[in-house]
Amino acid sequence: MVITKLLMVIGAHSWMRALACLAVVGSSSLAATAEDEAAAVAPTLACEIRYHFRERLEGVKADGKKFSAPAYEREALPQSTVAANGAQARLVQGRVAHLPYRFVIKFGGKSAGTLEVNILDDDGKPRHGYPQTIVHALAGAANPSRREFEIPVAPDLARTIEKKLLAKNQHLTQVQLVVESSP
Amino acid sequence: MSGIIGNIKGSDIVEEDDGSVTFTAGAQLDGDGANGQFGEPPCYAPKSYAGKTLDVLANAGGPGNWFGVVTDTGEEDGHPVVQGSGDPCPGAFVSATSLHLPGKDGKPLPRSSPFKYVDSATVPFVVVPPMIIRGVAGVVMGCRAVVTNTKNGKSVEAVVADGGPSNKLGEISLACAKAIGVPAGEGSTHPANSGGVDADSHIIHYRLFPGVAAMVNGVTYPLQPS
């Protein structure tokens with residue numbers, strides 16, 4: 001009832017009609033801008049380090065399998081943030097407890113779909129094989145939301161990881177960075 | 001009366017009144033035992049191997065430390081056994097499971113035979129830690145298992161075929177993952193090194209029947225005492 005009366009009043013005055021039109025156009029324009037910005041920001045990234053290992057099994061018969069099936073322990077990197085440089089990119093920066101490296105992972109921004117992964121040592125030098133830049137990174141992957149990267153680990157560091165992270169009789173086989181996006 | 005055998009990282013392992021063992025966990029993937037027995041790729045092969053492999057070679061170890069493939073001496077410092085021209089995947093390594101299968105004549109197969117082991121690519125199997133193998137009266141290796149994905153309700157008959165680390169619970173073969181709708185690294189270069197369900201997710205329910213030989217896809221598996 002109230003709405004009907006309001007429409008009748010607006011309809012009676014041309015300046016009110018113009019104002020109402022502007023309000024409608026303006027609000028829809030604002031909504032469109034917000035949607036565009038949301039769409040432009042790259043999806044949230046979740047990154048973790050996986051320490052793959054096998055365990056020497058005790059009490060196995062002479063002809064039995066001496067090592068366990070492979071398994072892994074995980075350490076998560078900090079949550080992604082929207083990059084502060086104005087480009088609509090997601091950024092993960094940080095360290096994990098058992099690797100002496102700093103990780104910088106960027107997805108999206110000026111080059112939509114581009115994933116940049118860098119692993120730096122304490123001196124700020126990139127590790128062998130890094131940085132890596134992959135265009136259309138997650139769209140082209142077998143699992144469209146995930147990419148995996150091998151992290152080279154020297155024998156001394158492997159022994160330290162085995163001592164500090166893994167359990168008795170467990171042997172490190174590889175270290176992997178997993179980058180996963182979620183909408 | 002049911003009782004708790006133990007707990008691994010928040011998951012209780014329960015021995016039920018009927019003797020079955022239940023637990024809920026995630027599902028990491030185990031490609032071990034895949035040697036191309038039924039036409040699927042092998043788990044491991046030398047870098048020179050032209051075909052696809054299920055896992056990255058690093059997970060098998062390396063010279064002096066071959067943790068994940070059969071060697072000529074049976075020790076990790078031996079040389080990996082390479083499949084010959086009469087084997088399913090010539091040039092690939094032989095990957096083992098804890099459960100050993102007999103030959104067609106019922107006699108034990110040699111350690112180097114690709115057919116001695118359970119094929120992760122085609123047989124739904126479960127990996128269990130020593131706590132379960134040693135914690136119940138019935139024989140666990142080779143026993144029946146039912147694995148259910150509580151998220152989608154999919155369930156599969158499986159066999160307990162491999163031993164896992166002492167502090168990990170919830171690991172299955174690639175075929176098992178596919179059967180219950182768990183990501184099995186589809187399309188990935190190395191499916192066993194990808195996919196799976198996080199250990200913390202607790203969405204996969206496992207029920208084992210120690211002492212009851214598994215029958216999967218018409219094949220009855222041997223019960224293998226530890």
# chains A, B, ... in the order shown; residues from 1 in each chain; ligands from 1

$ residues_around --residues "range 109-122 of chain A" --least-positions-apart "4" --cutoff "7 Å" --atoms "only C-alpha atoms" --output "ChimeraX atom specification"
/A:87-89,100-105,126-127,130-138

$ closest_residue --among "A:Arg146, A:Lys106, A:His128, A:His98" --to "chain B" --atoms "only C-alpha atoms"
A:Arg146

$ interface_residues --of "chain A" --to "chain B" --cutoff "10 Å" --atoms "only C-alpha atoms" --output "tab-separated table (two decimals) with N, CA and C atoms, in the first residue's frame"
chain	number	residue	atom	x	y	z
A	52	HIS	N	57.80	-36.45	2.60
A	52	HIS	CA	57.50	-37.86	2.31
A	52	HIS	C	58.56	-38.76	2.96
A	53	PHE	N	58.12	-39.88	3.46
A	53	PHE	CA	59.07	-40.79	4.12
A	53	PHE	C	58.59	-42.23	4.05
A	54	ARG	N	59.51	-43.12	4.38
A	54	ARG	CA	59.18	-44.53	4.62
A	54	ARG	C	59.79	-44.94	5.94
A	55	GLU	N	59.16	-45.89	6.59
A	55	GLU	CA	59.64	-46.35	7.91
A	55	GLU	C	60.17	-47.77	7.82
A	56	ARG	N	61.33	-47.96	8.42
A	56	ARG	CA	61.84	-49.34	8.51
A	56	ARG	C	60.98	-50.09	9.53
A	57	LEU	N	60.36	-51.16	9.08
A	57	LEU	CA	59.44	-51.90	9.94
A	57	LEU	C	60.21	-52.91	10.78
A	58	GLU	N	59.84	-53.00	12.04
A	58	GLU	CA	60.53	-53.92	12.95
A	58	GLU	C	59.82	-55.27	12.98
A	59	GLY	N	60.58	-56.32	13.24
A	59	GLY	CA	60.01	-57.65	13.41
A	59	GLY	C	59.49	-58.27	12.12
A	60	VAL	N	60.05	-57.85	10.99
A	60	VAL	CA	59.60	-58.41	9.70
A	60	VAL	C	60.35	-59.70	9.41
A	61	LYS	N	59.66	-60.69	8.83
A	61	LYS	CA	60.31	-61.95	8.47
A	61	LYS	C	61.40	-61.71	7.43
A	62	ALA	N	62.28	-62.67	7.30
A	62	ALA	CA	63.44	-62.51	6.41
A	62	ALA	C	63.05	-62.14	4.98
A	63	ASP	N	61.97	-62.73	4.47
A	63	ASP	CA	61.59	-62.45	3.08
A	63	ASP	C	60.50	-61.37	3.00
A	64	GLY	N	60.23	-60.72	4.12
A	64	GLY	CA	59.16	-59.73	4.15
A	64	GLY	C	59.59	-58.36	3.67
A	65	LYS	N	58.61	-57.49	3.45
A	65	LYS	CA	58.89	-56.12	3.01
A	65	LYS	C	59.41	-55.33	4.22
A	66	LYS	N	60.61	-54.78	4.06
A	66	LYS	CA	61.29	-54.20	5.22
A	66	LYS	C	60.89	-52.75	5.51
A	67	PHE	N	60.35	-52.07	4.50
A	67	PHE	CA	59.98	-50.67	4.69
A	67	PHE	C	58.47	-50.49	4.47
A	68	SER	N	57.92	-49.53	5.16
A	68	SER	CA	56.48	-49.26	5.08
A	68	SER	C	56.11	-48.66	3.73
A	69	ALA	N	54.82	-48.59	3.50
A	69	ALA	CA	54.31	-47.81	2.37
A	69	ALA	C	54.73	-46.35	2.57
A	70	PRO	N	54.80	-45.58	1.49
A	70	PRO	CA	55.17	-44.17	1.66
A	70	PRO	C	54.07	-43.40	2.38
A	71	ALA	N	54.48	-42.37	3.09
A	71	ALA	CA	53.52	-41.51	3.77
A	71	ALA	C	54.16	-40.12	3.88
A	72	TYR	N	53.44	-39.16	4.41
A	72	TYR	CA	54.04	-37.84	4.55
A	72	TYR	C	53.53	-37.10	5.78
A	73	GLU	N	54.38	-36.20	6.27
A	73	GLU	CA	53.98	-35.23	7.29
A	73	GLU	C	53.80	-33.89	6.59
A	74	ARG	N	53.00	-33.01	7.18
A	74	ARG	CA	52.69	-31.73	6.52
A	74	ARG	C	53.03	-30.55	7.42
A	141	ALA	N	46.75	-27.67	-15.11
A	141	ALA	CA	47.19	-28.81	-14.31
A	141	ALA	C	46.21	-29.97	-14.41
A	142	ALA	N	46.71	-31.16	-14.09
A	142	ALA	CA	45.84	-32.34	-14.11
A	142	ALA	C	44.70	-32.15	-13.12
A	143	ASN	N	45.07	-31.74	-11.91
A	143	ASN	CA	44.07	-31.32	-10.94
A	143	ASN	C	44.02	-29.80	-11.05
A	146	ARG	N	45.45	-27.57	-8.24
A	146	ARG	CA	46.65	-27.92	-7.49
A	146	ARG	C	47.90	-28.02	-8.36
A	147	ARG	N	49.02	-27.57	-7.81
A	147	ARG	CA	50.34	-27.74	-8.44
A	147	ARG	C	51.33	-28.22	-7.38
A	148	GLU	N	52.25	-29.08	-7.80
A	148	GLU	CA	53.25	-29.61	-6.86
A	148	GLU	C	54.65	-29.26	-7.35
A	166	LEU	N	60.58	-36.37	11.90
A	166	LEU	CA	60.09	-37.74	11.70
A	166	LEU	C	60.31	-38.60	12.94
A	167	ALA	N	59.61	-39.71	12.97
A	167	ALA	CA	59.70	-40.61	14.12
A	167	ALA	C	60.87	-41.59	13.92
A	168	LYS	N	61.07	-42.40	14.93
A	168	LYS	CA	62.16	-43.40	14.91
A	168	LYS	C	62.06	-44.28	13.67
A	169	ASN	N	63.17	-44.56	13.04
A	169	ASN	CA	63.26	-45.46	11.89
A	169	ASN	C	62.61	-44.92	10.62
A	170	GLN	N	62.24	-43.64	10.61
A	170	GLN	CA	61.62	-43.07	9.41
A	170	GLN	C	62.66	-42.33	8.58
A	171	HIS	N	62.62	-42.57	7.27
A	171	HIS	CA	63.62	-42.02	6.35
A	171	HIS	C	62.95	-41.10	5.33
A	172	LEU	N	63.44	-39.88	5.25
A	172	LEU	CA	62.90	-38.89	4.32
A	172	LEU	C	63.19	-39.33	2.88
A	173	THR	N	62.19	-39.27	2.02
A	173	THR	CA	62.43	-39.62	0.61
A	173	THR	C	62.33	-38.41	-0.32
A	174	GLN	N	61.47	-37.47	-0.03
A	174	GLN	CA	61.39	-36.25	-0.82
A	174	GLN	C	60.63	-35.18	-0.06
A	175	VAL	N	60.86	-33.92	-0.46
A	175	VAL	CA	60.13	-32.79	0.12
A	175	VAL	C	59.43	-32.06	-1.03
A	176	GLN	N	58.20	-31.70	-0.79
A	176	GLN	CA	57.35	-31.20	-1.86
A	176	GLN	C	56.57	-29.98	-1.38
A	178	VAL	N	53.16	-28.00	-2.09
A	178	VAL	CA	51.86	-28.16	-2.76
A	178	VAL	C	51.13	-26.83	-2.70

$ residues_around --residues "range 41-45 of chain B" --least-positions-apart "4" --cutoff "6 Å" --atoms "only C-alpha atoms" --output "MDAnalysis selection string"
chainID B and resid 31 34:36 49 53:55 57 92:93

$ write_last_selection --atoms "N, CA and C atoms" --output "mmCIF file, in the first residue's frame"
data_model
loop_
_atom_site.group_PDB
_atom_site.id
_atom_site.type_symbol
_atom_site.label_atom_id
_atom_site.label_comp_id
_atom_site.auth_asym_id
_atom_site.auth_seq_id
_atom_site.Cartn_x
_atom_site.Cartn_y
_atom_site.Cartn_z
ATOM 1 N N GLY B 31 51.056 -46.402 -3.975
ATOM 2 C CA GLY B 31 51.159 -47.012 -5.304
ATOM 3 C C GLY B 31 51.959 -48.307 -5.305
ATOM 4 N N ALA B 34 52.317 -52.018 -7.606
ATOM 5 C CA ALA B 34 51.916 -51.882 -9.010
ATOM 6 C C ALA B 34 53.113 -52.184 -9.913
ATOM 7 N N ASN B 35 52.999 -53.255 -10.645
ATOM 8 C CA ASN B 35 54.077 -53.669 -11.553
ATOM 9 C C ASN B 35 53.544 -53.927 -12.963
ATOM 10 N N GLY B 36 52.387 -53.382 -13.237
ATOM 11 C CA GLY B 36 51.781 -53.586 -14.554
ATOM 12 C C GLY B 36 51.144 -54.951 -14.725
ATOM 13 N N TYR B 49 63.271 -44.859 -18.190
ATOM 14 C CA TYR B 49 62.057 -45.583 -18.597
ATOM 15 C C TYR B 49 61.141 -44.633 -19.377
ATOM 16 N N THR B 53 54.915 -43.694 -14.787
ATOM 17 C CA THR B 53 54.986 -44.415 -13.512
ATOM 18 C C THR B 53 54.008 -43.775 -12.526
ATOM 19 N N LEU B 54 53.562 -44.559 -11.550
ATOM 20 C CA LEU B 54 52.557 -44.053 -10.618
ATOM 21 C C LEU B 54 53.137 -43.110 -9.572
ATOM 22 N N ASP B 55 54.404 -43.289 -9.238
ATOM 23 C CA ASP B 55 54.991 -42.476 -8.167
ATOM 24 C C ASP B 55 56.327 -41.903 -8.625
ATOM 25 N N LEU B 57 60.233 -41.350 -8.444
ATOM 26 C CA LEU B 57 61.266 -42.328 -8.081
ATOM 27 C C LEU B 57 61.849 -42.040 -6.700
ATOM 28 N N ALA B 92 60.974 -51.619 -16.023
ATOM 29 C CA ALA B 92 60.513 -50.998 -14.773
ATOM 30 C C ALA B 92 61.064 -51.759 -13.575
ATOM 31 N N PHE B 93 61.092 -51.094 -12.421
ATOM 32 C CA PHE B 93 61.488 -51.773 -11.188
ATOM 33 C C PHE B 93 60.324 -52.630 -10.673
#

$ select_by_dssp --residues "range 1-219 of chain B" --states "strand (DSSP E)" --output "ChimeraX atom specification"
/B:3-8,11-15,21-25,28-30,61-62,65-66,125-128,143-149,155-163,171-173,204-213,215-216,219

$ atom_distance --atom1 "CA of Ala175 in chain B" --atom2 "CA of Pro124 in chain B"
4.9 Å

$ atom_distance --atom1 "CA of Gly39 in chain B" --atom2 "CA of Gly78 in chain B"
27.6 Å

$ select_by_dssp --residues "range 51-182 of chain B" --states "alpha helix (DSSP H)" --output "PDB file with N, CA and C atoms, in the first residue's frame"
ATOM      1  N   PRO B 130      51.613 -51.120  12.164  1.00  0.00           N
ATOM      2  CA  PRO B 130      51.930 -52.304  12.975  1.00  0.00           C
ATOM      3  C   PRO B 130      51.024 -52.462  14.191  1.00  0.00           C
ATOM      4  N   MET B 131      50.546 -51.337  14.740  1.00  0.00           N
ATOM      5  CA  MET B 131      49.689 -51.408  15.929  1.00  0.00           C
ATOM      6  C   MET B 131      48.485 -52.314  15.699  1.00  0.00           C
ATOM      7  N   ILE B 132      47.916 -52.269  14.513  1.00  0.00           N
ATOM      8  CA  ILE B 132      46.752 -53.109  14.202  1.00  0.00           C
ATOM      9  C   ILE B 132      47.198 -54.542  13.922  1.00  0.00           C
ATOM     10  N   ILE B 133      48.266 -54.680  13.151  1.00  0.00           N
ATOM     11  CA  ILE B 133      48.729 -56.033  12.782  1.00  0.00           C
ATOM     12  C   ILE B 133      49.050 -56.852  14.025  1.00  0.00           C
ATOM     13  N   ARG B 134      49.678 -56.203  14.998  1.00  0.00           N
ATOM     14  CA  ARG B 134      50.090 -56.922  16.216  1.00  0.00           C
ATOM     15  C   ARG B 134      49.054 -56.846  17.336  1.00  0.00           C
ATOM     16  N   GLY B 135      48.067 -55.951  17.168  1.00  0.00           N
ATOM     17  CA  GLY B 135      47.148 -55.673  18.269  1.00  0.00           C
ATOM     18  C   GLY B 135      45.916 -56.538  18.336  1.00  0.00           C
ATOM     19  N   LEU B 174      45.517 -46.960  -5.140  1.00  0.00           N
ATOM     20  CA  LEU B 174      44.896 -46.075  -6.139  1.00  0.00           C
ATOM     21  C   LEU B 174      43.536 -46.620  -6.575  1.00  0.00           C
ATOM     22  N   ALA B 175      43.448 -47.941  -6.749  1.00  0.00           N
ATOM     23  CA  ALA B 175      42.176 -48.538  -7.169  1.00  0.00           C
ATOM     24  C   ALA B 175      41.103 -48.333  -6.111  1.00  0.00           C
ATOM     25  N   CYS B 176      41.493 -48.393  -4.855  1.00  0.00           N
ATOM     26  CA  CYS B 176      40.544 -48.180  -3.761  1.00  0.00           C
ATOM     27  C   CYS B 176      40.061 -46.726  -3.776  1.00  0.00           C
ATOM     28  N   ALA B 177      40.999 -45.809  -3.972  1.00  0.00           N
ATOM     29  CA  ALA B 177      40.636 -44.388  -4.016  1.00  0.00           C
ATOM     30  C   ALA B 177      39.624 -44.123  -5.127  1.00  0.00           C
ATOM     31  N   LYS B 178      39.892 -44.674  -6.291  1.00  0.00           N
ATOM     32  CA  LYS B 178      38.977 -44.460  -7.430  1.00  0.00           C
ATOM     33  C   LYS B 178      37.589 -45.018  -7.116  1.00  0.00           C
ATOM     34  N   ALA B 179      37.558 -46.180  -6.468  1.00  0.00           N
ATOM     35  CA  ALA B 179      36.281 -46.854  -6.215  1.00  0.00           C
ATOM     36  C   ALA B 179      35.384 -46.078  -5.264  1.00  0.00           C
TER      37      ALA B 179
END

$ residues_around --residues "Ser182 in chain A" --least-positions-apart "3" --cutoff "8 Å" --atoms "only C-alpha atoms" --output "PDB file with C-alpha atoms, in the first residue's frame"
ATOM      1  CA  PRO A  43      41.351 -17.400  -5.829  1.00  0.00           C
ATOM      2  CA  THR A  44      42.585 -18.028  -2.295  1.00  0.00           C
ATOM      3  CA  LEU A  45      45.795 -20.064  -2.121  1.00  0.00           C
ATOM      4  CA  ALA A  46      46.598 -22.752   0.432  1.00  0.00           C
ATOM      5  CA  SER A 145      43.237 -26.521  -8.377  1.00  0.00           C
TER       6      SER A 145
END

$ decode --residues "range 11-84 of chain B" --atoms "C-alpha atoms" --output "compact mmCIF listing (two decimals), in the first residue's frame"
# COMPACT_ATOMS: atom_id res chain seq x y z
CA SER B 11 41.79 -41.53 15.54
CA ASP B 12 40.68 -44.33 17.85
CA ILE B 13 41.24 -47.85 16.55
CA VAL B 14 38.38 -49.92 17.93
CA GLU B 15 38.07 -53.69 18.16
CA GLU B 16 34.33 -54.30 17.93
CA ASP B 17 32.29 -57.03 19.63
CA ASP B 18 32.28 -59.13 16.46
CA GLY B 19 36.09 -59.00 16.21
CA SER B 20 36.16 -56.48 13.39
CA VAL B 21 38.42 -53.43 13.68
CA THR B 22 37.13 -49.95 12.84
CA PHE B 23 38.63 -46.50 12.56
CA THR B 24 37.99 -43.26 10.71
CA ALA B 25 40.80 -41.31 9.07
CA GLY B 26 41.87 -39.65 5.85
CA ALA B 27 43.31 -41.51 2.88
CA GLN B 28 46.84 -41.04 1.63
CA LEU B 29 47.72 -42.98 -1.52
CA ASP B 30 50.02 -45.99 -1.83
CA GLY B 31 51.16 -47.01 -5.30
CA ASP B 32 53.31 -49.89 -4.05
CA GLY B 33 52.83 -53.30 -5.61
CA ALA B 34 51.92 -51.88 -9.01
CA ASN B 35 54.08 -53.67 -11.55
CA GLY B 36 51.78 -53.59 -14.55
CA GLN B 37 50.27 -56.97 -13.67
CA PHE B 38 46.98 -56.03 -15.30
CA GLY B 39 48.08 -53.52 -17.92
CA GLU B 40 48.30 -50.41 -15.77
CA PRO B 41 51.57 -48.46 -15.26
CA PRO B 42 54.20 -49.63 -12.78
CA CYS B 43 54.87 -47.73 -9.58
CA TYR B 44 58.60 -47.16 -10.12
CA ALA B 45 61.09 -47.27 -12.97
CA PRO B 46 64.55 -45.90 -13.76
CA LYS B 47 64.64 -42.34 -15.09
CA SER B 48 65.41 -43.75 -18.54
CA TYR B 49 62.06 -45.58 -18.60
CA ALA B 50 59.88 -44.19 -21.39
CA GLY B 51 56.48 -45.01 -19.94
CA LYS B 52 54.44 -43.47 -17.16
CA THR B 53 54.99 -44.42 -13.51
CA LEU B 54 52.56 -44.05 -10.62
CA ASP B 55 54.99 -42.48 -8.17
CA VAL B 56 58.08 -40.28 -8.26
CA LEU B 57 61.27 -42.33 -8.08
CA ALA B 58 62.44 -40.41 -5.00
CA ASN B 59 59.79 -42.18 -2.95
CA ALA B 60 61.53 -45.47 -3.73
CA GLY B 61 64.81 -44.08 -2.38
CA GLY B 62 68.07 -44.09 -4.32
CA PRO B 63 71.39 -45.92 -4.69
CA GLY B 64 72.38 -47.37 -1.33
CA ASN B 65 68.96 -46.65 0.10
CA TRP B 66 66.34 -48.41 -2.00
CA PHE B 67 63.46 -48.25 0.47
CA GLY B 68 60.64 -48.83 -1.98
CA VAL B 69 61.69 -51.38 -4.60
CA VAL B 70 62.81 -54.99 -4.57
CA THR B 71 66.60 -55.38 -4.75
CA ASP B 72 68.75 -58.31 -5.80
CA THR B 73 70.01 -58.84 -2.24
CA GLY B 74 66.78 -58.04 -0.43
CA GLU B 75 68.56 -55.18 1.33
CA GLU B 76 68.29 -51.47 0.63
CA ASP B 77 71.91 -51.25 -0.51
CA GLY B 78 71.41 -53.86 -3.24
CA HIS B 79 70.62 -53.18 -6.88
CA PRO B 80 66.97 -52.77 -7.88
CA VAL B 81 65.45 -55.70 -9.73
CA VAL B 82 64.47 -54.63 -13.25
CA GLN B 83 61.58 -56.33 -15.03
CA GLY B 84 62.70 -58.48 -17.96
